$ cat entry.tsv   # TSV, C-alpha atoms
chain	number	residue	atom	x	y	z
A	1	MET	CA	0.00	0.00	0.00
A	2	LEU	CA	2.90	2.35	0.76
A	3	SER	CA	4.45	1.59	-2.58
A	4	LEU	CA	1.15	1.99	-4.43
A	5	SER	CA	0.25	5.24	-2.69
A	6	ALA	CA	3.72	6.62	-3.51
A	7	GLU	CA	3.41	5.62	-7.17
A	8	LEU	CA	-0.04	7.18	-7.43
A	9	SER	CA	1.22	10.35	-5.74
A	10	GLU	CA	4.27	10.33	-8.05
A	11	ALA	CA	6.35	10.50	-4.89
A	12	THR	CA	9.62	8.90	-3.88
A	13	VAL	CA	9.59	6.43	-1.04
A	14	ASN	CA	12.16	4.04	0.34
A	15	LEU	CA	10.40	0.76	1.08
A	16	GLN	CA	13.22	-0.39	3.36
A	17	MET	CA	11.74	1.90	6.02
A	18	ILE	CA	9.13	-0.83	6.43
A	19	ASN	CA	11.95	-3.13	7.51
A	20	GLY	CA	13.27	-0.47	9.89
A	21	ASP	CA	16.33	0.54	7.92
A	22	ASP	CA	17.61	3.63	9.74
A	23	ASP	CA	19.77	4.53	6.76
A	24	ALA	CA	16.80	4.61	4.40
A	25	THR	CA	16.16	8.07	3.05
A	26	GLU	CA	12.85	9.69	3.88
A	27	GLY	CA	12.02	10.45	0.25
A	28	ASP	CA	8.81	12.44	-0.10
A	29	VAL	CA	7.24	11.09	3.09
A	30	ALA	CA	7.12	13.94	5.60
A	31	HIS	CA	8.23	13.03	9.14
A	32	ALA	CA	9.07	9.54	7.89
A	33	LYS	CA	11.88	8.82	10.37
A	34	VAL	CA	9.95	9.87	13.48
A	35	LEU	CA	6.87	7.99	12.29
A	36	MET	CA	8.98	4.89	11.65
A	37	HIS	CA	10.60	5.04	15.10
A	38	PHE	CA	7.23	5.59	16.76
A	39	ALA	CA	5.68	2.58	14.97
A	40	GLU	CA	8.70	0.43	15.72
A	41	SER	CA	9.01	1.14	19.45
A	42	PHE	CA	5.25	0.71	19.81
A	43	ALA	CA	5.15	-2.66	18.05
A	44	ARG	CA	8.20	-3.92	19.97
A	45	ARG	CA	6.50	-2.95	23.25
A	46	ASP	CA	9.64	-1.11	24.30
A	47	ASP	CA	8.27	1.40	26.83
A	48	ALA	CA	11.38	3.55	27.12
A	49	ALA	CA	11.87	3.75	23.36
A	50	LEU	CA	8.17	4.45	22.84
A	51	HIS	CA	8.31	7.30	25.35
A	52	GLU	CA	11.22	8.84	23.43
A	53	ALA	CA	9.69	8.20	20.00
A	54	ARG	CA	6.38	9.72	21.07
A	55	ALA	CA	8.11	12.85	22.33
A	56	ALA	CA	10.12	13.13	19.11
A	57	LEU	CA	7.03	12.71	16.91
A	58	LEU	CA	5.12	15.24	18.99
A	59	ALA	CA	7.94	17.77	18.83
A	60	GLU	CA	8.50	17.41	15.09
A	61	ALA	CA	4.96	16.82	13.78
A	62	GLY	CA	2.50	17.91	16.46
A	63	PRO	CA	-0.32	16.31	18.47
A	64	GLU	CA	-2.78	15.69	15.62
A	65	ILE	CA	-0.27	13.61	13.71
A	66	LEU	CA	0.70	11.76	16.88
A	67	VAL	CA	-2.95	10.82	17.56
A	68	ASP	CA	-3.60	9.71	13.98
A	69	ALA	CA	-0.38	7.68	13.91
A	70	ALA	CA	-1.40	6.02	17.20
A	71	GLY	CA	-4.72	5.03	15.64
A	72	VAL	CA	-3.06	3.44	12.62
A	73	ALA	CA	-0.50	1.63	14.76
A	74	ALA	CA	-3.25	0.26	17.03
A	75	ASN	CA	-5.27	-0.84	14.02
A	76	PHE	CA	-2.45	-2.98	12.70
A	77	GLN	CA	-2.12	-4.79	16.02
A	78	ARG	CA	-5.63	-6.02	15.20
A	79	MET	CA	-5.19	-6.94	11.55
A	80	VAL	CA	-2.37	-9.44	12.03
A	81	ARG	CA	-4.35	-11.21	14.73
A	82	ILE	CA	-7.49	-11.45	12.62
A	83	ALA	CA	-5.46	-12.88	9.73
A	84	ASP	CA	-3.39	-15.34	11.75
A	85	SER	CA	-6.16	-16.49	14.11
A	86	THR	CA	-8.37	-17.42	11.18
A	87	GLY	CA	-5.60	-18.63	8.84
A	88	ILE	CA	-6.69	-16.57	5.87
A	89	PRO	CA	-4.44	-16.45	2.81
A	90	LEU	CA	-3.64	-13.30	0.91
A	91	ASP	CA	-6.32	-12.71	-1.74
A	92	GLU	CA	-5.29	-13.86	-5.20
A	93	ARG	CA	-5.54	-10.39	-6.70
A	94	ASN	CA	-3.33	-9.00	-3.92
A	95	VAL	CA	-0.78	-11.76	-4.49
A	96	ALA	CA	-0.53	-10.53	-8.05
A	97	LEU	CA	-0.60	-6.86	-7.12
A	98	SER	CA	2.08	-7.01	-4.45
A	99	ALA	CA	4.45	-9.70	-5.80
A	100	ASP	CA	7.37	-7.35	-6.39
A	101	VAL	CA	7.01	-5.57	-3.04
A	102	ARG	CA	6.76	-8.84	-1.11
A	103	LYS	CA	9.93	-9.97	-2.82
A	104	GLU	CA	11.78	-6.71	-2.09
A	105	LEU	CA	10.81	-6.84	1.59
A	106	ASP	CA	11.33	-10.61	1.83
A	107	LEU	CA	7.91	-11.16	3.39
A	108	GLU	CA	8.01	-14.88	2.63
A	109	ARG	CA	10.16	-15.23	5.76
A	110	PHE	CA	7.13	-14.72	8.01
A	111	PRO	CA	5.46	-17.89	9.36
A	112	SER	CA	2.00	-16.71	8.29
A	113	ALA	CA	3.18	-16.74	4.65
A	114	MET	CA	2.47	-20.48	4.71
A	115	ASN	CA	-1.28	-19.73	4.65
A	116	THR	CA	-0.90	-18.32	1.13
A	117	PRO	CA	-0.16	-20.83	-1.63
A	118	LYS	CA	2.86	-20.14	-3.83
A	119	ALA	CA	1.95	-18.11	-6.91
A	120	ASN	CA	0.90	-20.33	-9.81
A	121	LEU	CA	1.50	-19.48	-13.46
A	122	LYS	CA	-1.81	-17.62	-13.73
A	123	VAL	CA	-0.95	-15.40	-10.76
A	124	LYS	CA	2.61	-14.85	-12.04
A	125	LEU	CA	1.26	-13.71	-15.40
A	126	LEU	CA	-1.37	-11.59	-13.68
A	127	SER	CA	1.31	-9.93	-11.56
A	128	LEU	CA	2.87	-8.47	-14.73
A	129	ILE	CA	-0.24	-6.45	-15.53
A	130	ALA	CA	-1.97	-6.14	-12.13
A	131	ARG	CA	-0.07	-3.14	-10.87
A	132	PRO	CA	-0.29	-0.93	-13.99
A	133	MET	CA	-3.97	-1.85	-14.29
A	134	ALA	CA	-4.67	-1.07	-10.64
A	135	LYS	CA	-3.02	2.34	-11.04
A	136	ILE	CA	-5.18	3.16	-14.07
A	137	ILE	CA	-8.37	2.05	-12.30
A	138	ILE	CA	-7.58	3.93	-9.08
A	139	LYS	CA	-6.66	7.09	-10.98
A	140	LYS	CA	-9.95	6.92	-12.90
A	141	MET	CA	-11.90	6.42	-9.68
A	142	GLU	CA	-10.12	9.34	-8.03
A	143	ALA	CA	-10.80	11.56	-11.05
A	144	GLN	CA	-14.48	10.62	-10.93
A	145	ARG	CA	-14.62	11.34	-7.20
A	146	ASN	CA	-12.96	14.72	-7.67
A	147	LYS	CA	-15.43	15.57	-10.44
A	148	LEU	CA	-18.37	14.71	-8.20
A	149	GLU	CA	-16.96	16.78	-5.36
A	150	GLN	CA	-16.53	19.90	-7.55
B	1	MET	CA	-15.79	-2.30	36.09
B	2	GLU	CA	-18.01	0.71	35.53
B	3	SER	CA	-21.53	1.19	34.22
B	4	SER	CA	-21.91	4.65	32.79
B	5	THR	CA	-21.66	6.61	29.61
B	6	THR	CA	-18.63	8.52	30.85
B	7	PHE	CA	-16.17	6.12	29.27
B	8	PHE	CA	-13.41	7.54	27.12
B	9	ASP	CA	-13.84	11.18	28.12
B	10	TYR	CA	-10.06	11.67	27.62
B	11	ASN	CA	-10.06	14.51	30.17
B	12	ASP	CA	-6.61	13.44	31.29
B	13	SER	CA	-5.20	13.23	27.78
B	14	PRO	CA	-2.56	15.82	26.97
B	15	TYR	CA	-3.67	15.53	23.33
B	16	SER	CA	-7.04	16.29	21.84
B	17	ILE	CA	-8.61	13.05	20.61
B	18	ARG	CA	-10.82	13.55	17.56
B	19	ALA	CA	-14.54	12.87	18.00
B	20	GLY	CA	-14.64	9.94	15.58
B	21	LEU	CA	-12.15	8.00	17.70
B	22	VAL	CA	-13.91	8.86	20.96
B	23	ASN	CA	-17.29	7.78	19.58
B	24	ALA	CA	-15.95	4.54	18.11
B	25	HIS	CA	-14.40	3.59	21.46
B	26	LYS	CA	-17.52	4.52	23.46
B	27	ASP	CA	-19.72	2.64	21.00
B	28	TYR	CA	-17.60	-0.49	21.23
B	29	TRP	CA	-17.61	-0.50	25.04
B	30	GLN	CA	-21.43	-0.49	24.93
B	31	THR	CA	-21.45	-3.33	22.40
B	32	LEU	CA	-18.91	-5.28	24.45
B	33	ALA	CA	-21.05	-5.15	27.58
B	34	LYS	CA	-24.13	-6.65	25.90
B	35	ALA	CA	-24.83	-10.25	24.93
B	36	GLY	CA	-23.47	-11.10	21.51
B	37	SER	CA	-24.29	-14.01	19.25
B	38	TRP	CA	-22.56	-16.76	21.25
B	39	PHE	CA	-21.47	-15.22	24.58
B	40	ASN	CA	-23.41	-13.23	27.16
B	41	GLY	CA	-22.28	-9.82	28.41
B	42	ALA	CA	-20.44	-11.18	31.44
B	43	GLN	CA	-18.48	-13.62	29.26
B	44	ARG	CA	-17.68	-10.93	26.70
B	45	VAL	CA	-16.34	-8.56	29.34
B	46	ALA	CA	-14.40	-11.48	30.86
B	47	ILE	CA	-12.82	-12.09	27.43
B	48	ALA	CA	-11.79	-8.41	27.41
B	49	GLU	CA	-10.25	-8.90	30.85
B	50	GLU	CA	-8.31	-11.89	29.54
B	51	VAL	CA	-6.88	-9.72	26.76
B	52	ARG	CA	-5.28	-7.63	29.49
B	53	ASN	CA	-4.27	-10.66	31.56
B	54	ALA	CA	-2.59	-12.21	28.53
B	55	LEU	CA	-0.15	-9.33	28.23
B	56	GLN	CA	1.00	-9.90	31.82
B	57	CYS	CA	0.75	-13.70	31.80
B	58	PRO	CA	4.03	-15.48	32.76
B	59	PHE	CA	2.87	-18.72	31.13
B	60	CYS	CA	2.21	-16.90	27.83
B	61	ALA	CA	5.70	-15.35	27.98
B	62	GLN	CA	7.20	-18.80	28.54
B	63	ARG	CA	5.11	-20.37	25.79
B	64	LYS	CA	5.99	-17.67	23.30
B	65	THR	CA	9.61	-18.81	23.42
B	66	ALA	CA	8.83	-22.54	23.42
B	67	LEU	CA	9.58	-24.53	20.30
B	68	SER	CA	6.10	-26.03	20.30
B	69	PRO	CA	3.29	-23.91	21.77
B	70	TYR	CA	1.07	-26.98	22.12
B	71	ALA	CA	3.39	-29.20	24.13
B	72	LEU	CA	3.96	-26.86	27.07
B	73	GLN	CA	1.66	-27.25	30.08
B	74	GLY	CA	0.97	-24.48	32.57
B	75	GLU	CA	-1.51	-22.11	34.17
B	76	HIS	CA	-2.52	-18.80	32.68
B	77	LEU	CA	-2.89	-15.63	34.70
B	78	LYS	CA	-6.70	-15.50	34.52
B	79	GLY	CA	-10.04	-14.58	35.97
B	80	ASN	CA	-12.71	-17.08	36.99
B	81	VAL	CA	-15.59	-16.53	34.56
B	82	LEU	CA	-14.42	-18.43	31.49
B	83	SER	CA	-13.45	-22.04	30.87
B	84	ASP	CA	-9.74	-22.85	30.59
B	85	ASP	CA	-10.08	-23.52	26.85
B	86	VAL	CA	-11.66	-20.11	26.21
B	87	VAL	CA	-9.03	-18.37	28.35
B	88	ASP	CA	-6.29	-20.21	26.47
B	89	ALA	CA	-7.73	-19.12	23.11
B	90	VAL	CA	-7.83	-15.45	24.13
B	91	HIS	CA	-4.25	-15.61	25.37
B	92	ARG	CA	-3.07	-17.27	22.17
B	93	VAL	CA	-4.82	-14.68	19.97
B	94	VAL	CA	-3.16	-11.87	21.93
B	95	THR	CA	0.34	-13.26	22.48
B	96	ASP	CA	1.06	-16.09	20.00
B	97	GLN	CA	-1.42	-15.80	17.17
B	98	SER	CA	0.93	-16.82	14.39
B	99	ARG	CA	1.09	-20.37	15.78
B	100	ILE	CA	-2.66	-20.97	15.96
B	101	THR	CA	-3.56	-23.88	13.71
B	102	LYS	CA	-6.68	-25.34	12.20
B	103	SER	CA	-6.26	-28.51	14.28
B	104	TYR	CA	-6.15	-26.42	17.48
B	105	ILE	CA	-9.55	-24.91	16.61
B	106	GLU	CA	-10.94	-28.31	15.57
B	107	GLY	CA	-9.73	-29.81	18.85
B	108	ASN	CA	-11.62	-27.14	20.77
B	109	VAL	CA	-14.76	-27.83	18.73
B	110	GLN	CA	-14.59	-31.48	19.78
B	111	LYS	CA	-14.53	-30.29	23.40
B	112	GLY	CA	-17.68	-28.19	22.88
B	113	PHE	CA	-15.98	-24.81	22.29
B	114	SER	CA	-17.61	-24.03	18.98
B	115	GLU	CA	-16.18	-22.36	15.90
B	116	GLU	CA	-18.82	-19.63	16.26
B	117	GLN	CA	-17.68	-18.94	19.82
B	118	TYR	CA	-14.06	-18.87	18.70
B	119	VAL	CA	-14.83	-16.32	15.98
B	120	GLU	CA	-16.76	-14.09	18.38
B	121	LEU	CA	-13.87	-14.39	20.85
B	122	VAL	CA	-11.33	-13.34	18.21
B	123	GLY	CA	-13.51	-10.34	17.36
B	124	ILE	CA	-13.68	-9.20	20.99
B	125	ALA	CA	-9.98	-9.82	21.59
B	126	VAL	CA	-8.79	-7.82	18.60
B	127	ASN	CA	-11.13	-4.89	19.22
B	128	VAL	CA	-10.29	-4.57	22.91
B	129	LEU	CA	-6.61	-4.97	22.13
B	130	SER	CA	-6.60	-2.27	19.48
B	131	ILE	CA	-8.41	0.22	21.73
B	132	ASP	CA	-6.01	-0.57	24.59
B	133	GLU	CA	-3.09	-0.29	22.19
B	134	PHE	CA	-4.24	3.13	21.02
B	135	HIS	CA	-4.05	4.23	24.65
B	136	ARG	CA	-0.62	2.66	25.12
B	137	ALA	CA	0.66	4.40	21.99
B	138	LEU	CA	-0.30	7.75	23.49
B	139	GLY	CA	0.88	6.93	27.02
B	140	LEU	CA	-2.71	6.93	28.36
B	141	GLN	CA	-4.18	4.55	30.95
B	142	SER	CA	-6.40	1.74	29.68
B	143	GLU	CA	-10.10	2.43	30.08
B	144	PRO	CA	-11.91	0.54	32.87
B	145	LEU	CA	-14.02	-2.29	31.45
B	146	PRO	CA	-17.79	-1.81	31.33
B	147	GLN	CA	-20.26	-3.49	33.63
B	148	PRO	CA	-21.89	-6.42	31.76
B	149	VAL	CA	-25.50	-5.98	30.67
B	150	ALA	CA	-27.89	-8.87	31.37
B	151	GLY	CA	-29.16	-10.84	28.40
B	152	GLU	CA	-28.65	-14.02	26.46
B	153	PRO	CA	-26.78	-14.56	23.16
B	154	ASP	CA	-29.02	-14.78	20.09
B	155	HIS	CA	-27.12	-17.71	18.47
B	156	TYR	CA	-27.38	-16.01	15.08
B	157	ARG	CA	-25.58	-17.85	12.30
B	158	PRO	CA	-25.55	-16.41	8.77
B	159	ALA	CA	-27.06	-18.54	6.01
B	160	HIS	CA	-24.37	-18.65	3.33
B	161	THR	CA	-21.20	-19.90	4.97
B	162	GLU	CA	-18.54	-22.24	3.68
B	163	HIS	CA	-15.20	-23.74	4.72
B	164	ASP	CA	-13.34	-22.76	1.55
B	165	THR	CA	-10.33	-21.02	3.06
B	166	GLY	CA	-8.66	-20.43	6.41
B	167	TYR	CA	-9.46	-22.28	9.63
B	168	VAL	CA	-13.10	-21.33	10.21
B	169	ALA	CA	-16.34	-21.12	8.26
B	170	MET	CA	-16.92	-17.79	6.53
B	171	ILE	CA	-19.67	-16.21	4.46
B	172	SER	CA	-18.99	-17.02	0.81
B	173	PRO	CA	-17.73	-14.08	-1.29
B	174	ASP	CA	-21.16	-13.76	-2.94
B	175	GLY	CA	-23.07	-14.66	0.22
B	176	ALA	CA	-23.30	-11.23	1.85
B	177	VAL	CA	-26.98	-10.90	1.08
B	178	GLY	CA	-30.14	-10.26	3.09
B	179	PRO	CA	-29.23	-9.38	6.69
B	180	GLU	CA	-25.54	-9.54	5.74
B	181	SER	CA	-25.75	-7.26	2.70
B	182	ASP	CA	-24.06	-4.44	4.64
B	183	LEU	CA	-20.86	-6.44	5.23
B	184	TRP	CA	-19.22	-5.82	1.87
B	185	PRO	CA	-20.08	-4.58	-1.64
B	186	GLU	CA	-19.83	-6.87	-4.70
B	187	GLN	CA	-16.14	-7.56	-4.16
B	188	THR	CA	-14.69	-8.64	-0.84
B	189	ALA	CA	-11.35	-9.60	0.68
B	190	ASN	CA	-10.41	-12.48	2.95
B	191	VAL	CA	-9.79	-10.13	5.86
B	192	LEU	CA	-13.40	-8.95	5.63
B	193	ARG	CA	-14.67	-12.51	5.42
B	194	ALA	CA	-12.46	-13.82	8.24
B	195	LEU	CA	-14.88	-13.14	11.12
B	196	SER	CA	-18.08	-13.25	9.06
B	197	LEU	CA	-19.37	-16.40	10.76
B	198	VAL	CA	-20.37	-13.84	13.40
B	199	PRO	CA	-21.50	-10.87	11.30
B	200	ASP	CA	-21.59	-8.47	14.24
B	201	ALA	CA	-17.92	-9.18	14.84
B	202	VAL	CA	-17.17	-7.83	11.35
B	203	ARG	CA	-19.40	-4.80	11.91
B	204	SER	CA	-17.66	-3.99	15.20
B	205	TRP	CA	-14.12	-4.16	13.89
B	206	MET	CA	-15.04	-2.17	10.79
B	207	LYS	CA	-16.45	0.65	12.92
B	208	ILE	CA	-13.21	0.89	14.88
B	209	SER	CA	-11.05	0.46	11.80
B	210	ASN	CA	-12.93	3.30	10.08
B	211	GLU	CA	-11.51	5.61	12.74
B	212	HIS	CA	-8.17	4.05	13.64
B	213	TYR	CA	-7.24	3.54	9.99
B	214	LEU	CA	-9.57	4.51	7.14
B	215	SER	CA	-13.12	3.86	6.01
B	216	MET	CA	-13.62	1.46	3.10
B	217	GLU	CA	-14.39	4.45	0.89
B	218	ALA	CA	-11.24	6.32	1.95
B	219	MET	CA	-9.14	3.21	1.37
B	220	GLY	CA	-9.75	3.60	-2.35
B	221	ASN	CA	-8.47	7.16	-2.24
B	222	PHE	CA	-4.68	7.12	-2.37
B	223	THR	CA	-3.82	10.71	-3.10
B	224	GLY	CA	-6.60	13.03	-1.96
B	225	PRO	CA	-7.73	14.26	1.46
B	226	ASN	CA	-8.61	11.40	3.82
B	227	GLY	CA	-9.92	13.20	6.90
B	228	ARG	CA	-6.66	12.61	8.77
B	229	SER	CA	-3.69	14.80	9.62
B	230	ILE	CA	-1.36	12.31	7.89
B	231	ASN	CA	-1.43	11.48	4.20
B	232	ARG	CA	-1.78	7.99	2.77
B	233	MET	CA	1.96	7.40	2.47
B	234	GLN	CA	2.49	8.31	6.13
B	235	ILE	CA	-0.42	6.07	7.14
B	236	GLU	CA	1.00	3.13	5.18
B	237	LEU	CA	4.49	3.69	6.55
B	238	VAL	CA	3.19	3.31	10.13
B	239	ALA	CA	0.97	0.37	9.12
B	240	GLY	CA	3.81	-1.33	7.29
B	241	ARG	CA	6.39	-0.93	10.07
B	242	VAL	CA	4.00	-2.28	12.74
B	243	SER	CA	2.98	-5.16	10.47
B	244	SER	CA	6.59	-5.99	9.66
B	245	ILE	CA	7.51	-6.31	13.35
B	246	ASN	CA	4.36	-8.39	13.85
B	247	GLU	CA	5.56	-10.63	11.01
B	248	CYS	CA	2.30	-10.06	9.18
B	249	PHE	CA	2.41	-11.54	5.71
B	250	TYR	CA	-1.15	-10.49	5.00
$ encode --input "entry.tsv" --output "structure tokens"
Amino acid sequence: MLSLSAELSEATVNLQMINGDDDATEGDVAHAKVLMHFAESFARRDDAALHEARAALLAEAGPEILVDAAGVAANFQRMVRIADSTGIPLDERNVALSADVRKELDLERFPSAMNTPKANLKVKLLSLIARPMAKIIIKKMEAQRNKLEQ
Amino acid sequence: MESSTTFFDYNDSPYSIRAGLVNAHKDYWQTLAKAGSWFNGAQRVAIAEEVRNALQCPFCAQRKTALSPYALQGEHLKGNVLSDDVVDAVHRVVTDQSRITKSYIEGNVQKGFSEEQYVELVGIAVNVLSIDEFHRALGLQSEPLPQPVAGEPDHYRPAHTEHDTGYVAMISPDGAVGPESDLWPEQTANVLRALSLVPDAVRSWMKISNEHYLSMEAMGNFTGPNGRSINRMQIELVAGRVSSINECFY
């Protein structure tokens, strides 16, 4: 989703921030480093680091951003548990859509990857066109929405 | 436990909490206290209490590091409302969810702990956890749990379920019709279907997710305003980093 939102925004983003690479450049994501540290210390349940990261995010980005980031972080404590507790696989269309990103971030290393079957030929072929097609469809939908809002 | 509508007033919060978040949390606490489809209010609130116990449970900490989470025997830190199997399931969902298996759920079914109860339990556990985690992220105290409301579960089971994927029965992709027509539009995703054996469990987590993350409508909007102070890339950076540490493939 980060990669797709960056592509659609024609912005630069370093996906290695997802893996916590401190040397990754922030690209066009404002406050990226402080957001990354906040998310990381929160998910690791490191109280001292979270205290520091929260203060840094607050100082650099302000209370509204802190609150919204807390909501997103809390939400993704839920999503992994829904997925793993019910053993759901990744949807076929998302397998195709995110193949390159999953490879870049080496997501196959996670135990829950076993719930998703390896991509078959159909999915591999689909992955070649899924992303460009998704971008066209989303752009069209956004243009329609903007038109309606004007 | 408290019985009032004063929950989540955030008077002690150093940060202003937007109304959508406050209302979603208040609304869920009211839902939590009432009988659901397969548990009564007292059991549902007890499940919420076990979410909190799990995070302090020495046995869970020991089991998390064990090679096999099913071989180790021990006692959970727990209350006295729920059966040991239900307590164990809550603790696993909170502390060791990636090692839950289909055979574990099937084994519980053979002991009378139904798939429907398991799904409702997962729904309660993840909602309470995410509200508590929002507080922890901001350095706020967890909210006291609500007083249970008397009443019996309605034992509602949706009509069009199937065991086509995952560990539990789910409404089929084209089965969200009639009373379930609000669950998803024409197209769905496995994460929406996951808890659909108990439709109210899906409705509850969606209401909270609409505020913690984004509404379904806003999810399709990658570049425009989203009603948040952070743009989509910032949202997905936080989501991605948390999910990566949680080893979430999904």
$ closest_atom_pairs --input "entry.tsv" --of "chain B" --to "chain A" --cutoff "6 Å" --atoms "only C-alpha atoms" --output "Markdown table"
| residue | atom | partner | partner_atom | distance |
| --- | --- | --- | --- | --- |
| B:Tyr15 | CA | A:Pro63 | CA | 6.0 |
| B:Gln97 | CA | A:Ser85 | CA | 5.7 |
| B:Ser98 | CA | A:Asp84 | CA | 5.3 |
| B:Ile100 | CA | A:Ser85 | CA | 6.0 |
| B:Val126 | CA | A:Arg78 | CA | 5.0 |
| B:Ser130 | CA | A:Ala74 | CA | 4.9 |
| B:Glu133 | CA | A:Ala74 | CA | 5.2 |
| B:Phe134 | CA | A:Ala74 | CA | 5.0 |
| B:Ala137 | CA | A:Ala70 | CA | 5.5 |
| B:Gly166 | CA | A:Gly87 | CA | 4.3 |
| B:Tyr167 | CA | A:Thr86 | CA | 5.2 |
| B:His212 | CA | A:Gly71 | CA | 4.1 |
| B:Tyr213 | CA | A:Val72 | CA | 4.9 |
| B:Phe222 | CA | A:Ser5 | CA | 5.3 |
| B:Thr223 | CA | A:Ser9 | CA | 5.7 |
| B:Ser229 | CA | A:Ile65 | CA | 5.5 |
| B:Met233 | CA | A:Leu2 | CA | 5.4 |
| B:Glu236 | CA | A:Leu2 | CA | 4.9 |
| B:Val238 | CA | A:Ala39 | CA | 5.5 |
| B:Ala239 | CA | A:Ala73 | CA | 6.0 |
| B:Gly240 | CA | A:Ile18 | CA | 5.4 |
| B:Arg241 | CA | A:Ile18 | CA | 4.6 |
| B:Val242 | CA | A:Ala43 | CA | 5.4 |
| B:Glu247 | CA | A:Phe110 | CA | 5.3 |
| B:Cys248 | CA | A:Val80 | CA | 5.5 |
| B:Phe249 | CA | A:Ala113 | CA | 5.4 |
| B:Tyr250 | CA | A:Leu90 | CA | 5.6 |
$ residues_around --input "entry.tsv" --residues "stretch 119-128 of chain A" --least-positions-apart "5" --cutoff "7 Å" --atoms "all atoms listed in the file" --output "list in words"
Ala96, Leu97 and Ala99 of chain A
$ closest_residue --input "entry.tsv" --among "B:Ile131, B:Val94, B:Ile245, B:Ile47" --to "B:Trp205" --atoms "all atoms listed in the file"
B:Ile131
$ closest_residue --input "entry.tsv" --among "B:Leu21, B:Ala150, B:Leu129, B:Thr101" --to "B:Asn53" --atoms "only C-alpha atoms"
B:Leu129
$ atom_distance --input "entry.tsv" --atom1 "atom CA of B:Gln147" --atom2 "atom CA of B:Cys57"
23.4 Å
$ atom_distance --input "entry.tsv" --atom1 "atom CA of B:Ala176" --atom2 "atom CA of B:Gly123"
18.4 Å
$ axis_aligned_box --input "entry.tsv" --around "stretch 86-103 of chain A" --padding-each-side "3 Å" --output "lines of an AutoDock Vina configuration file"
center_x = 0.8
center_y = -12.1
center_z = 1.6
size_x = 24.3
size_y = 19.1
size_z = 25.2
$ atom_distance --input "entry.tsv" --atom1 "atom CA of B:Glu115" --atom2 "atom CA of B:Leu197"
8.5 Å
$ residues_around --input "entry.tsv" --residues "B:Asn210" --least-positions-apart "3" --cutoff "10 Å" --atoms "all atoms listed in the file" --output "list in words"
Asn75 of chain A; Gly20, Leu21, Ala24, Trp205, Met206, Lys207, Tyr213, Leu214, Ser215, Met216, Glu217, Ala218 and Met219 of chain B
$ closest_residue --input "entry.tsv" --among "B:Leu32, B:Ala61, B:Leu77, B:Leu82" --to "B:Ala46" --atoms "all atoms listed in the file"
B:Leu82
$ closest_residue --input "entry.tsv" --among "B:Val51, B:Ala201, B:Ala189, B:Ile124" --to "B:Asp174" --atoms "all atoms listed in the file"
B:Ala189
$ residues_around --input "entry.tsv" --residues "A:Ile137" --least-positions-apart "5" --cutoff "12 Å" --atoms "only C-alpha atoms" --output "JSON, numbers by chain"
{"A": [8, 130, 131, 132, 142, 143, 144], "B": [220, 221, 222]}
$ write_last_selection --input "entry.tsv" --atoms "C-alpha atoms" --output "PDB file, in the frame of the given file"
ATOM      1  CA  LEU A   8      -0.040   7.180  -7.430  1.00  0.00           C
ATOM      2  CA  ALA A 130      -1.970  -6.140 -12.130  1.00  0.00           C
ATOM      3  CA  ARG A 131      -0.070  -3.140 -10.870  1.00  0.00           C
ATOM      4  CA  PRO A 132      -0.290  -0.930 -13.990  1.00  0.00           C
ATOM      5  CA  GLU A 142     -10.120   9.340  -8.030  1.00  0.00           C
ATOM      6  CA  ALA A 143     -10.800  11.560 -11.050  1.00  0.00           C
ATOM      7  CA  GLN A 144     -14.480  10.620 -10.930  1.00  0.00           C
TER       8      GLN A 144
ATOM      9  CA  GLY B 220      -9.750   3.600  -2.350  1.00  0.00           C
ATOM     10  CA  ASN B 221      -8.470   7.160  -2.240  1.00  0.00           C
ATOM     11  CA  PHE B 222      -4.680   7.120  -2.370  1.00  0.00           C
TER      12      PHE B 222
END
$ residues_around --input "entry.tsv" --residues "stretch 34-39 of chain B" --least-positions-apart "5" --cutoff "12 Å" --atoms "all atoms listed in the file" --output "VMD selection string"
chain B and resid 3 27 to 29 44 to 47 81 to 82 86 113 to 121 123 to 124 146 to 158 196 to 201 204
